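**Student:** File name query.json; file contents JSON, C-alpha atoms and all ligand atoms; full text below.
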```json
[["chain", "number", "residue", "atom", "x", "y", "z"],
["A", 9, "MET", "CA", 0.00, 0.00, 0.00],
["A", 10, "ASP", "CA", 1.22, 3.50, -0.83],
["A", 11, "ILE", "CA", 1.66, 5.21, 2.53],
["A", 12, "PRO", "CA", 1.73, 9.03, 2.62],
["A", 13, "LYS", "CA", 4.95, 10.45, 3.97],
["A", 14, "HIS", "CA", 3.20, 13.47, 5.48],
["A", 15, "VAL", "CA", -0.39, 13.56, 6.72],
["A", 16, "ALA", "CA", -1.80, 16.92, 7.84],
["A", 17, "VAL", "CA", -5.09, 17.17, 9.70],
["A", 18, "ILE", "CA", -7.65, 19.95, 10.11],
["A", 19, "MET", "CA", -9.29, 18.88, 13.35],
["A", 20, "ASP", "CA", -12.78, 20.34, 13.05],
["A", 21, "GLY", "CA", -16.14, 19.89, 14.73],
["A", 22, "ASN", "CA", -15.33, 20.00, 18.45],
["A", 23, "GLY", "CA", -17.85, 22.80, 19.01],
["A", 24, "ARG", "CA", -20.68, 21.05, 17.14],
["A", 25, "TRP", "CA", -19.91, 17.76, 18.88],
["A", 26, "ALA", "CA", -20.29, 19.53, 22.24],
["A", 27, "LYS", "CA", -23.42, 21.45, 21.22],
["A", 28, "GLU", "CA", -25.19, 18.25, 20.22],
["A", 29, "ARG", "CA", -24.57, 16.98, 23.74],
["A", 30, "ASN", "CA", -25.45, 20.23, 25.53],
["A", 31, "LEU", "CA", -21.86, 20.55, 26.66],
["A", 32, "THR", "CA", -19.55, 23.56, 26.63],
["A", 33, "ARG", "CA", -17.34, 24.09, 23.56],
["A", 34, "LEU", "CA", -14.36, 23.50, 25.81],
["A", 35, "ALA", "CA", -15.67, 20.04, 26.68],
["A", 36, "GLY", "CA", -15.56, 19.36, 22.93],
["A", 37, "HIS", "CA", -11.93, 20.46, 22.71],
["A", 38, "LYS", "CA", -11.11, 18.33, 25.75],
["A", 39, "GLU", "CA", -12.58, 15.28, 24.05],
["A", 40, "GLY", "CA", -10.64, 16.32, 20.94],
["A", 41, "ILE", "CA", -7.39, 15.76, 22.85],
["A", 42, "ASN", "CA", -8.26, 12.07, 23.17],
["A", 43, "THR", "CA", -8.58, 11.91, 19.40],
["A", 44, "VAL", "CA", -5.19, 13.63, 19.06],
["A", 45, "LYS", "CA", -3.63, 10.79, 21.06],
["A", 46, "LYS", "CA", -5.45, 8.14, 19.00],
["A", 47, "VAL", "CA", -4.31, 9.69, 15.74],
["A", 48, "ILE", "CA", -0.68, 9.95, 16.90],
["A", 49, "GLU", "CA", -0.83, 6.24, 17.74],
["A", 50, "ALA", "CA", -2.46, 5.39, 14.40],
["A", 51, "ALA", "CA", 0.20, 7.34, 12.51],
["A", 52, "MET", "CA", 2.97, 5.52, 14.37],
["A", 53, "LYS", "CA", 1.32, 2.15, 13.70],
["A", 54, "SER", "CA", 1.18, 2.92, 9.98],
["A", 55, "LYS", "CA", 4.78, 4.14, 10.03],
["A", 56, "ILE", "CA", 3.90, 7.59, 8.76],
["A", 57, "PRO", "CA", 6.99, 9.76, 9.29],
["A", 58, "TYR", "CA", 5.29, 13.20, 9.44],
["A", 59, "LEU", "CA", 2.01, 14.14, 11.09],
["A", 60, "THR", "CA", 0.85, 17.76, 11.31],
["A", 61, "LEU", "CA", -2.14, 18.89, 13.36],
["A", 62, "TYR", "CA", -3.88, 22.26, 12.99],
["A", 63, "ALA", "CA", -4.61, 23.10, 16.63],
["A", 64, "PHE", "CA", -4.99, 26.90, 16.71],
["A", 65, "SER", "CA", -5.20, 29.28, 13.78],
["A", 66, "SER", "CA", -4.25, 32.95, 13.94],
["A", 67, "GLU", "CA", -7.95, 33.69, 13.40],
["A", 68, "ASN", "CA", -8.90, 31.64, 16.49],
["A", 69, "TRP", "CA", -7.86, 34.58, 18.75],
["A", 70, "ASN", "CA", -11.21, 36.11, 17.76],
["A", 71, "ARG", "CA", -13.11, 33.43, 19.69],
["A", 72, "PRO", "CA", -14.54, 34.19, 23.18],
["A", 73, "LYS", "CA", -11.80, 34.79, 25.73],
["A", 74, "ASP", "CA", -12.87, 31.79, 27.83],
["A", 75, "GLU", "CA", -12.51, 29.45, 24.87],
["A", 76, "VAL", "CA", -9.07, 30.82, 23.92],
["A", 77, "ASN", "CA", -7.83, 30.57, 27.53],
["A", 78, "GLY", "CA", -9.31, 27.09, 27.82],
["A", 79, "LEU", "CA", -7.55, 25.95, 24.65],
["A", 80, "MET", "CA", -4.22, 27.27, 25.96],
["A", 81, "ALA", "CA", -4.79, 25.47, 29.27],
["A", 82, "LEU", "CA", -5.58, 22.24, 27.38],
["A", 83, "LEU", "CA", -2.42, 22.64, 25.38],
["A", 84, "ASN", "CA", -0.36, 23.16, 28.56],
["A", 85, "HIS", "CA", -1.96, 20.07, 30.06],
["A", 86, "PHE", "CA", -1.25, 18.04, 26.91],
["A", 87, "LEU", "CA", 2.41, 19.10, 26.89],
["A", 88, "GLU", "CA", 2.79, 18.22, 30.54],
["A", 89, "LYS", "CA", 0.93, 14.90, 30.47],
["A", 90, "GLU", "CA", 1.85, 13.55, 27.06],
["A", 91, "LEU", "CA", 5.53, 14.50, 26.93],
["A", 92, "LYS", "CA", 6.19, 11.01, 28.30],
["A", 93, "LEU", "CA", 4.31, 9.47, 25.37],
["A", 94, "LEU", "CA", 6.45, 11.48, 22.94],
["A", 95, "LEU", "CA", 9.69, 10.54, 24.67],
["A", 96, "GLU", "CA", 8.81, 6.85, 24.97],
["A", 97, "ASN", "CA", 7.89, 6.63, 21.30],
["A", 98, "LYS", "CA", 10.75, 8.77, 20.01],
["A", 99, "VAL", "CA", 8.43, 11.39, 18.60],
["A", 100, "GLN", "CA", 9.97, 14.71, 17.64],
["A", 101, "LEU", "CA", 7.74, 17.70, 18.38],
["A", 102, "LYS", "CA", 7.80, 20.69, 16.07],
["A", 103, "THR", "CA", 5.57, 23.70, 15.63],
["A", 104, "ILE", "CA", 4.60, 25.99, 12.80],
["A", 105, "GLY", "CA", 3.03, 29.41, 13.34],
["A", 106, "ARG", "CA", 3.95, 32.45, 15.39],
["A", 107, "VAL", "CA", 4.38, 30.48, 18.63],
["A", 108, "HIS", "CA", 6.32, 33.30, 20.29],
["A", 109, "GLU", "CA", 3.02, 35.24, 20.43],
["A", 110, "LEU", "CA", 1.35, 32.55, 22.59],
["A", 111, "PRO", "CA", 1.01, 33.06, 26.37],
["A", 112, "LYS", "CA", 4.45, 32.85, 27.98],
["A", 113, "GLU", "CA", 3.79, 29.62, 29.91],
["A", 114, "THR", "CA", 2.52, 27.80, 26.82],
["A", 115, "TYR", "CA", 5.40, 29.08, 24.73],
["A", 116, "GLN", "CA", 7.97, 27.97, 27.30],
["A", 117, "ARG", "CA", 6.44, 24.51, 27.62],
["A", 118, "ILE", "CA", 6.41, 24.10, 23.85],
["A", 119, "GLU", "CA", 10.01, 25.17, 23.45],
["A", 120, "ALA", "CA", 11.09, 22.83, 26.27],
["A", 121, "ALA", "CA", 9.24, 19.87, 24.72],
["A", 122, "LYS", "CA", 10.74, 20.67, 21.29],
["A", 123, "GLU", "CA", 14.22, 20.76, 22.78],
["A", 124, "LYS", "CA", 13.77, 17.47, 24.65],
["A", 125, "THR", "CA", 12.53, 15.65, 21.54],
["A", 126, "ALA", "CA", 14.71, 17.33, 18.90],
["A", 127, "HIS", "CA", 16.87, 14.25, 18.32],
["A", 128, "PHE", "CA", 13.98, 11.80, 17.72],
["A", 129, "ASP", "CA", 12.95, 10.63, 14.27],
["A", 130, "GLN", "CA", 10.34, 7.88, 14.70],
["A", 131, "LEU", "CA", 7.55, 10.37, 13.95],
["A", 132, "THR", "CA", 7.75, 14.12, 13.47],
["A", 133, "LEU", "CA", 4.65, 15.60, 15.09],
["A", 134, "THR", "CA", 4.12, 19.20, 14.06],
["A", 135, "ILE", "CA", 1.48, 21.27, 15.79],
["A", 136, "ALA", "CA", 0.25, 24.36, 13.96],
["A", 137, "LEU", "CA", -0.26, 27.02, 16.63],
["A", 138, "ASN", "CA", -1.16, 30.63, 16.00],
["A", 139, "TYR", "CA", -0.69, 29.52, 12.40],
["A", 140, "SER", "CA", -1.93, 31.24, 9.25],
["A", 141, "SER", "CA", -0.58, 30.30, 5.87],
["A", 142, "GLN", "CA", -0.95, 33.91, 4.72],
["A", 143, "ASN", "CA", 1.04, 35.21, 7.72],
["A", 144, "GLU", "CA", 3.68, 32.54, 7.12],
["A", 145, "ILE", "CA", 4.10, 33.76, 3.53],
["A", 146, "VAL", "CA", 4.24, 37.41, 4.66],
["A", 147, "ASP", "CA", 6.97, 36.53, 7.19],
["A", 148, "ALA", "CA", 8.92, 34.65, 4.53],
["A", 149, "VAL", "CA", 8.68, 37.55, 2.06],
["A", 150, "LYS", "CA", 9.83, 40.05, 4.71],
["A", 151, "ASN", "CA", 12.86, 37.89, 5.50],
["A", 152, "ILE", "CA", 13.72, 37.49, 1.83],
["A", 153, "VAL", "CA", 13.42, 41.25, 1.20],
["A", 154, "ASN", "CA", 15.58, 42.03, 4.22],
["A", 155, "GLU", "CA", 18.25, 39.59, 3.08],
["A", 156, "ALA", "CA", 18.09, 41.01, -0.45],
["A", 157, "LYS", "CA", 18.72, 44.50, 0.94],
["A", 158, "GLU", "CA", 21.88, 43.15, 2.56],
["A", 159, "ASP", "CA", 22.84, 41.29, -0.62],
["A", 160, "ALA", "CA", 22.55, 38.00, 1.26],
["A", 161, "ILE", "CA", 20.24, 36.58, -1.40],
["A", 162, "ASN", "CA", 20.18, 37.00, -5.16],
["A", 163, "ILE", "CA", 16.55, 37.69, -6.14],
["A", 164, "GLU", "CA", 17.22, 36.59, -9.74],
["A", 165, "GLU", "CA", 17.88, 33.10, -8.40],
["A", 166, "LEU", "CA", 14.72, 32.94, -6.29],
["A", 167, "ASP", "CA", 12.63, 29.90, -7.17],
["A", 168, "TYR", "CA", 9.98, 27.95, -5.28],
["A", 169, "PRO", "CA", 12.35, 25.61, -3.39],
["A", 170, "LYS", "CA", 14.31, 28.67, -2.24],
["A", 171, "LEU", "CA", 11.12, 30.48, -1.19],
["A", 172, "ALA", "CA", 9.96, 27.32, 0.61],
["A", 173, "SER", "CA", 13.18, 27.36, 2.63],
["A", 174, "TYR", "CA", 11.89, 30.56, 4.30],
["A", 175, "LEU", "CA", 8.56, 29.02, 5.33],
["A", 176, "ASP", "CA", 7.90, 27.58, 8.81],
["A", 177, "THR", "CA", 7.67, 24.18, 7.12],
["A", 178, "LYS", "CA", 11.23, 24.37, 5.72],
["A", 179, "ASP", "CA", 12.22, 21.09, 7.42],
["A", 180, "LEU", "CA", 9.07, 19.19, 6.45],
["A", 181, "PRO", "CA", 8.14, 17.53, 3.17],
["A", 182, "ASP", "CA", 4.97, 18.88, 1.56],
["A", 183, "PRO", "CA", 1.85, 17.13, 2.84],
["A", 184, "ASP", "CA", 0.67, 14.21, 0.70],
["A", 185, "LEU", "CA", -2.69, 13.86, 2.40],
["A", 186, "ILE", "CA", -4.84, 16.46, 4.15],
["A", 187, "ILE", "CA", -7.68, 15.13, 6.28],
["A", 188, "ARG", "CA", -10.50, 17.43, 7.37],
["A", 189, "THR", "CA", -13.19, 16.28, 9.75],
["A", 190, "SER", "CA", -16.75, 17.58, 10.27],
["A", 191, "GLY", "CA", -17.82, 17.68, 6.63],
["A", 192, "GLU", "CA", -16.34, 21.05, 5.67],
["A", 193, "TYR", "CA", -14.56, 21.47, 2.33],
["A", 194, "ARG", "CA", -12.08, 24.25, 3.07],
["A", 195, "LEU", "CA", -8.38, 24.63, 3.77],
["A", 196, "SER", "CA", -8.97, 27.52, 6.20],
["A", 197, "ASN", "CA", -5.57, 29.17, 5.75],
["A", 198, "PHE", "CA", -3.70, 25.91, 6.36],
["A", 199, "LEU", "CA", -0.56, 25.01, 4.35],
["A", 200, "LEU", "CA", -1.85, 26.76, 1.24],
["A", 201, "LEU", "CA", 1.40, 26.64, -0.72],
["A", 202, "GLN", "CA", 2.56, 23.32, 0.66],
["A", 203, "SER", "CA", -0.69, 21.56, -0.26],
["A", 204, "ALA", "CA", -0.38, 22.40, -3.97],
["A", 205, "TYR", "CA", -0.43, 18.68, -4.84],
["A", 206, "ALA", "CA", -1.86, 17.22, -1.64],
["A", 207, "GLU", "CA", -4.73, 14.79, -1.80],
["A", 208, "ILE", "CA", -7.66, 16.06, 0.25],
["A", 209, "TYR", "CA", -9.91, 13.73, 2.24],
["A", 210, "THR", "CA", -12.96, 14.99, 4.08],
["A", 211, "ILE", "CA", -15.21, 13.05, 6.42],
["A", 212, "PRO", "CA", -18.48, 14.20, 8.07],
["A", 213, "THR", "CA", -17.42, 12.80, 11.48],
["A", 214, "TYR", "CA", -16.72, 15.43, 14.13],
["A", 215, "TRP", "CA", -13.15, 15.42, 15.46],
["A", 216, "PRO", "CA", -14.00, 13.98, 18.93],
["A", 217, "ASP", "CA", -15.63, 10.96, 17.22],
["A", 218, "PHE", "CA", -12.79, 10.44, 14.74],
["A", 219, "ASN", "CA", -10.84, 7.26, 15.50],
["A", 220, "GLN", "CA", -8.11, 4.96, 14.23],
["A", 221, "SER", "CA", -10.38, 3.15, 11.83],
["A", 222, "HIS", "CA", -11.44, 6.47, 10.23],
["A", 223, "PHE", "CA", -7.76, 7.36, 9.93],
["A", 224, "ASN", "CA", -6.97, 4.03, 8.30],
["A", 225, "LYS", "CA", -9.88, 4.51, 5.89],
["A", 226, "ALA", "CA", -8.36, 7.83, 4.83],
["A", 227, "LEU", "CA", -5.05, 6.04, 4.20],
["A", 228, "ASP", "CA", -6.85, 3.38, 2.10],
["A", 229, "GLN", "CA", -8.52, 6.10, 0.02],
["A", 230, "TYR", "CA", -5.18, 7.84, -0.43],
["A", 231, "ALA", "CA", -3.59, 4.62, -1.69],
["A", 232, "GLN", "CA", -6.27, 4.38, -4.37],
["A", 233, "ARG", "CA", -5.78, 7.91, -5.69],
["A", 234, "GLU", "CA", -3.71, 8.50, -8.79],
["A", 235, "ARG", "CA", -1.33, 11.37, -8.16],
["A", 236, "ARG", "CA", -0.22, 13.01, -11.38],
["A", 237, "PHE", "CA", 1.50, 16.25, -10.25],
["A", 238, "GLY", "CA", 0.33, 18.00, -13.42],
["A", 239, "LYS", "CA", 1.50, 15.20, -15.69],
["A", 240, "ILE", "CA", -0.60, 12.57, -17.46],
["A", 241, "SER", "CA", -0.98, 8.95, -16.39],
["A", 301, "LIG", "C1", -11.94, 23.08, 15.55],
["A", 301, "LIG", "O1", -13.22, 22.79, 16.06],
["A", 301, "LIG", "C2", -10.95, 22.82, 16.57],
["A", 301, "LIG", "C3", -10.14, 23.75, 17.12],
["A", 301, "LIG", "C4", -10.16, 25.17, 16.77],
["A", 301, "LIG", "C5", -9.19, 23.38, 18.18],
["A", 301, "LIG", "C6", -8.54, 22.06, 18.03],
["A", 301, "LIG", "C7", -7.83, 21.75, 19.29],
["A", 301, "LIG", "C8", -7.75, 20.53, 19.88],
["A", 301, "LIG", "C9", -8.30, 19.29, 19.30],
["A", 301, "LIG", "C10", -7.08, 20.40, 21.19],
["A", 301, "LIG", "C11", -5.65, 20.86, 21.27],
["A", 301, "LIG", "C12", -4.74, 20.15, 20.36],
["A", 301, "LIG", "C13", -3.54, 19.60, 20.64],
["A", 301, "LIG", "C14", -2.67, 19.14, 19.54],
["A", 301, "LIG", "C15", -3.05, 19.39, 22.01],
["A", 301, "LIG", "P1", -14.26, 23.97, 16.22],
["A", 301, "LIG", "O2", -14.18, 24.50, 17.59],
["A", 301, "LIG", "O3", -14.05, 24.99, 15.13],
["A", 301, "LIG", "O4", -15.61, 23.19, 15.98],
["A", 301, "LIG", "P2", -16.96, 23.78, 15.34],
["A", 301, "LIG", "O5", -16.64, 24.16, 13.92],
["A", 301, "LIG", "O6", -17.88, 22.60, 15.41],
["A", 301, "LIG", "O7", -17.39, 24.93, 16.19]]
```
What is this file in structure tokens?
**Tutor:**
Amino acid sequence: MDIPKHVAVIMDGNGRWAKERNLTRLAGHKEGINTVKKVIEAAMKSKIPYLTLYAFSSENWNRPKDEVNGLMALLNHFLEKELKLLLENKVQLKTIGRVHELPKETYQRIEAAKEKTAHFDQLTLTIALNYSSQNEIVDAVKNIVNEAKEDAINIEELDYPKLASYLDTKDLPDPDLIIRTSGEYRLSNFLLLQSAYAEIYTIPTYWPDFNQSHFNKALDQYAQRERRFGKIS
């Protein structure tokens, strides 16, 4: 079976899952953490080398303060409780997004976990936090322009691989498969350039109900797709 090298996931539907059960939105996110653990395990079982999870977009700051604070607290809790799981399974933690703008405690925990797992290569788990593809491109362009001003880069030689080396994802291969839960058909500012040739798989299931067998079904579907990269069969 053709296994994707990099699976990226838009974890959607926590709020609707909670609403259907008369629970708070935060209860939905809390349940979503259990799915995060299941999907990490499923990725390891299938020997997928790169897994990226969209946990907090730059637009998510516009949600009610309680929800934003609750999400940060959940993230802190995850980093504290699951660091052991990452270490035991040799999982390297990475992030994409403007993580330095997160609350100080969260930022420090993330950086510490990244440092402790930097030498692992069983699975690279990247969490997109305060991430926006558009902001990522703006940051890359600013850096390129600044380097050009100092003659550190020759603009005539700029091509896509060079541009990509300025993106947050510079150390990751482009995603082969993007999974989105909850029945929405959007990329929502996630890996817009990197997903140029990604296969997209959507499923109506809300994120808290998503499980290993759903994940494996997405992998089966992926294996059946014909990827042409602009060429013909
Ligand atoms: C989208 O559902 C989900 C989020 C904005 C947050 C996802 C976060 C987690 C699953 C927990 C933290 C993650 C990690 C990696 C520790 P939504 O709230 O937009 O759902 P809705 O569209 O039904 O309202």
**Student:** Residues of chain A within 8 Å of ligand LIG 301 (chain A): nearest atom pair and distance (Å, one decimal) for each, counting all atoms listed in the file, sorted by chain and number, as a Markdown table?
**Tutor:**
```
| residue | atom | partner | partner_atom | distance |
| --- | --- | --- | --- | --- |
| A:Ile18 | CA | A:LIG301 | C1 | 7.6 |
| A:Met19 | CA | A:LIG301 | C2 | 5.4 |
| A:Asp20 | CA | A:LIG301 | C1 | 3.8 |
| A:Gly21 | CA | A:LIG301 | O6 | 3.3 |
| A:Asn22 | CA | A:LIG301 | O4 | 4.0 |
| A:Gly23 | CA | A:LIG301 | O7 | 3.6 |
| A:Arg24 | CA | A:LIG301 | O6 | 3.6 |
| A:Trp25 | CA | A:LIG301 | O6 | 6.3 |
| A:Ala26 | CA | A:LIG301 | O6 | 7.9 |
| A:Arg33 | CA | A:LIG301 | O2 | 6.8 |
| A:Gly36 | CA | A:LIG301 | O2 | 7.5 |
| A:His37 | CA | A:LIG301 | C8 | 5.0 |
| A:Lys38 | CA | A:LIG301 | C10 | 6.4 |
| A:Glu39 | CA | A:LIG301 | C9 | 7.5 |
| A:Gly40 | CA | A:LIG301 | C9 | 4.1 |
| A:Ile41 | CA | A:LIG301 | C10 | 4.9 |
| A:Thr43 | CA | A:LIG301 | C9 | 7.4 |
| A:Val44 | CA | A:LIG301 | C14 | 6.1 |
| A:Leu61 | CA | A:LIG301 | C14 | 6.2 |
| A:Tyr62 | CA | A:LIG301 | C6 | 6.9 |
| A:Ala63 | CA | A:LIG301 | C6 | 4.3 |
| A:Phe64 | CA | A:LIG301 | C4 | 5.5 |
| A:Ser65 | CA | A:LIG301 | C4 | 7.1 |
| A:Asn68 | CA | A:LIG301 | C4 | 6.6 |
| A:Leu79 | CA | A:LIG301 | C11 | 6.4 |
| A:Leu82 | CA | A:LIG301 | C11 | 6.3 |
| A:Leu83 | CA | A:LIG301 | C15 | 4.7 |
| A:Phe86 | CA | A:LIG301 | C15 | 5.4 |
| A:Leu87 | CA | A:LIG301 | C15 | 7.3 |
| A:Ile135 | CA | A:LIG301 | C14 | 6.0 |
| A:Ser190 | CA | A:LIG301 | O6 | 7.3 |
| A:Tyr214 | CA | A:LIG301 | O6 | 7.4 |
| A:Trp215 | CA | A:LIG301 | C9 | 7.3 |
| A:Pro216 | CA | A:LIG301 | C9 | 7.8 |
```
**Student:** Just the residues within 12 Å of Asn84 (chain A), please, counting only C-alpha atoms, with nothing from its chain fewer than 5 positions along; format it as a PyMOL selection string.
**Tutor:** chain A and resi 41+77-79+89-91+110-121
**Student:** Go through A:Leu93, A:Leu171, A:Ile240, A:Leu195 one by one, measure the shortest atom-to-atom distance of each to Glu144 (chain A) using only C-alpha atoms, and give the residue with the smallest value.
**Tutor:**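 Nearest candidate to Glu144 (chain A) out of A:Leu93, A:Leu171, A:Ile240, A:Leu195: A:Leu171.
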**Student:** Residues within 9 Å of Phe198 (chain A), please, as a VMD selection string. Count only C-alpha atoms; anything in the same chain fewer than 2 positions from it doesn't count.
**Tutor:** chain A and resid 18 62 65 136 139 to 142 195 to 196 200 to 203
**Student:** Just write the chosen residues, C-alpha atoms, as a PDB file, in the coordinates of the input.
**Tutor:**
```
ATOM      1  CA  ILE A  18      -7.650  19.950  10.110  1.00  0.00           C
ATOM      2  CA  TYR A  62      -3.880  22.260  12.990  1.00  0.00           C
ATOM      3  CA  SER A  65      -5.200  29.280  13.780  1.00  0.00           C
ATOM      4  CA  ALA A 136       0.250  24.360  13.960  1.00  0.00           C
ATOM      5  CA  TYR A 139      -0.690  29.520  12.400  1.00  0.00           C
ATOM      6  CA  SER A 140      -1.930  31.240   9.250  1.00  0.00           C
ATOM      7  CA  SER A 141      -0.580  30.300   5.870  1.00  0.00           C
ATOM      8  CA  GLN A 142      -0.950  33.910   4.720  1.00  0.00           C
ATOM      9  CA  LEU A 195      -8.380  24.630   3.770  1.00  0.00           C
ATOM     10  CA  SER A 196      -8.970  27.520   6.200  1.00  0.00           C
ATOM     11  CA  LEU A 200      -1.850  26.760   1.240  1.00  0.00           C
ATOM     12  CA  LEU A 201       1.400  26.640  -0.720  1.00  0.00           C
ATOM     13  CA  GLN A 202       2.560  23.320   0.660  1.00  0.00           C
ATOM     14  CA  SER A 203      -0.690  21.560  -0.260  1.00  0.00           C
TER      15      SER A 203
END
```
**Student:** Got a sec: who's within 9 Å of region 56-58 of chain A, counting only C-alpha atoms, leaving out chain neighbours fewer than 2 positions off, as a ChimeraX atom specification?
**Tutor:** /A:11-16,50-54,60,129-134,180-181,183
**Student:** For Leu199 (chain A), which residue out of A:Leu185, A:Ile161, A:Ala81, A:Leu166 is the nearest one, using all atoms listed in the file?
**Tutor:** A:Leu185
**Student:** What does the distance between CA of Arg71 (chain A) and CA of Ala35 (chain A) come to in Å, to one decimal place?
**Tutor:**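 Computing the Euclidean distance for CA of Arg71 (chain A) and CA of Ala35 (chain A) yields 15.3 Å.
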**Student:** Excluding same-chain residues fewer than 6 positions from Ala204 (chain A), what lies within 10 Å of it counting all atoms listed in the file, as a PDB file with C-alpha atoms, keeping the file's coordinate frame?
**Tutor:**
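The new file around.pdb reads:
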```
ATOM      1  CA  ASP A 182       4.970  18.880   1.560  1.00  0.00           C
ATOM      2  CA  PRO A 183       1.850  17.130   2.840  1.00  0.00           C
ATOM      3  CA  ASP A 184       0.670  14.210   0.700  1.00  0.00           C
ATOM      4  CA  PHE A 237       1.500  16.250 -10.250  1.00  0.00           C
TER       5      PHE A 237
END
```
**Student:** Would you please work out which residue, of A:Ile48, A:Leu175, A:Val76, A:Ile152, is nearest to Lys98 (chain A) when using all atoms listed in the file?
**Tutor:**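 That would be A:Ile48, the residue with the smallest distance to Lys98 (chain A).
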**Student:** Tell me, in Å to one decimal, how far CA of Asp217 (chain A) is from CA of Tyr193 (chain A).
**Tutor:**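 Atom-to-atom, CA of Asp217 (chain A) to CA of Tyr193 (chain A), that is 18.3 Å.
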